[in-house]
Amino acid sequence: MAKKGKKEKGVKTEAQLLKEEEARRKLLEEMKAKAKEKQLNEEKNSKLNNLKIQARWREIMKTVKVKELKDQVEALHQIHERHMDRKQAATALLERDLQEAEEQFSTALQSHCINTDTLIDLQLGRLNTLQTQFRNELGLLEAEFHTERAKLQTQSALEKTEILGIIARMELEFQETEADAKHEYSSQKDDIKNKNLEEKHALRIQLEGTVEDLWRQFQAALNQYNSSTEERKRQFEDLKQKDQKNAKEIEQQMKKLVKLQETIAHFKAKLSNNAKEYEERNKTLREEKEAIQAHFQALKRRMNMFRKNEHSRLTDLTLLSSKVLKELQVKVDKAEMIIKLAEMNRKLETEKEKVVPFYASSLLEEELNAAQMDPELEGILPKEFPAMEQFNKRFNKIGLDVLALKKQKEGLQEENSNLRSILRQYLDGISLNEDVLNQLNPLVVVNGRTNIPLKMDGAPRNITYVEVSHQHPSERAL
């Protein structure tokens, strides 16, 4: 009974050990599943946060763009109102000039000065607003770039610390499980050795006791053999039966030894399987570690690329800003040159041009509307054509004046050539030389006729006219 209780205890301890190992394996699997779930949740949260950041960024950009457009519209509205006020003031000044003939020149000069001052103020104000807008936009872009850079750096540092913590925890857990498995293996090995030694010692004691008993019985049998043969036969049969029983016990003990050897081989195979499983787990953990490192390197490369792109964008923006400033400076110089030319032209204007700078159109309103609604001219004429109508009128008038002056110059040159030819003929008629005698001479008259061509009275004559505004005051007095 004692032997059976010990056997049952040994089997129970083995079953308990197996259950504990299965429970530990389940716990490890559950911990691994929880870690994977946490990783998936973190990835989902990171994706959602990225989407939220992008949406917020788009909203901010939309608001900034709307604000900029509103500011531009307000500036254009103010400029338009100033232009309208300037035009109304100019019309009022023209009306006063028509009513008051004596103050025409002074009022025109004052209106011109006011207009030039307003144009200069408008241009300076526009330049200041453009410079302030550029500075504000540059500051906003720099602030947004620094905030995004700080966020990315903090996020990368947090992810790096989390990944390193996960790797350290997994290594600690693996070391703890490996130490526990080694300890269990050594304890089981020692227990099995002790059990085998105890059972071997007990079997040895039992066999020695049985051998002594058999030896005593053999001596008694020898003593009784001489007395009677029948008793010997009976004792022989008893001994035979006992021998068979002992043989059966020996077989049972051998079977137990075989079972113990099988259990030892089973535990060895189990230990090797556990070692293979842990090696596979270590391999998977190493692969996960390498994948995380590769992901970290990819994120680092992406961040570097993002920095390079932002740097290139900043450089492009600075180049564009410098280019825009240069173009604005060129436009300012051009406007100053135009203003100087306008002042020089103002001095050469006639009184009529000072009073009425823009002539009235000779076309009727119906003809103008038909010309504006003509579909063929829509693609040819630009959108700014109506706004430049007064300028085009002035330009066309100047072109016509230039053509008139060219024609007048041609007429004067022709008249001058005619006068020179008459003078030459007169001089040739007064003087006598070989050239004069060889050529036609108006003094040589044959039969009341000369061979020089004379002009008829009905021929058209070139008469020069001088405008009153270009005459000298002394000539006017005459």
# chains A, B, ... in the order shown; residues from 1 in each chain; ligands from 1

call {"tool": "residues_around", "arguments": {"residues": "segment 104-121 of chain A", "least_positions_apart": "5", "cutoff": "8 Å", "atoms": "only C-alpha atoms", "output": "PyMOL selection string"}}
result
chain A and resi 86+90+93-94+96-98+339+354-355

call {"tool": "residues_around", "arguments": {"residues": "Leu203 of chain A", "least_positions_apart": "6", "cutoff": "12 Å", "atoms": "only C-alpha atoms", "output": "ChimeraX atom specification"}}
result
/A:3,196-197,209-211,246,249-250,252-254,256-257

call {"tool": "atom_distance", "arguments": {"atom1": "atom CA of Glu389 of chain A", "atom2": "atom CA of Gln329 of chain A"}}
result
26.5 Å

call {"tool": "closest_residue", "arguments": {"among": "A:Asn128, A:Gln155, A:Asn49, A:Thr13", "to": "Lys300 of chain A", "atoms": "only C-alpha atoms"}}
result
A:Gln155

call {"tool": "closest_residue", "arguments": {"among": "A:Lys409, A:Lys87, A:His80, A:Lys289", "to": "Ile167 of chain A", "atoms": "only C-alpha atoms"}}
result
A:Lys289

call {"tool": "closest_atom_pairs", "arguments": {"of": "segment 49-126 of chain A", "to": "segment 41-45 of chain A", "cutoff": "12 Å", "atoms": "only C-alpha atoms", "output": "tab-separated table"}}
result
residue	atom	partner	partner_atom	distance
A:Asn49	CA	A:Asn45	CA	6.0
A:Asn50	CA	A:Asn45	CA	8.5
A:Leu51	CA	A:Asn45	CA	9.8
A:Lys52	CA	A:Asn45	CA	10.4

call {"tool": "atom_distance", "arguments": {"atom1": "atom CA of Ile292 of chain A", "atom2": "atom CA of Asp180 of chain A"}}
result
28.3 Å
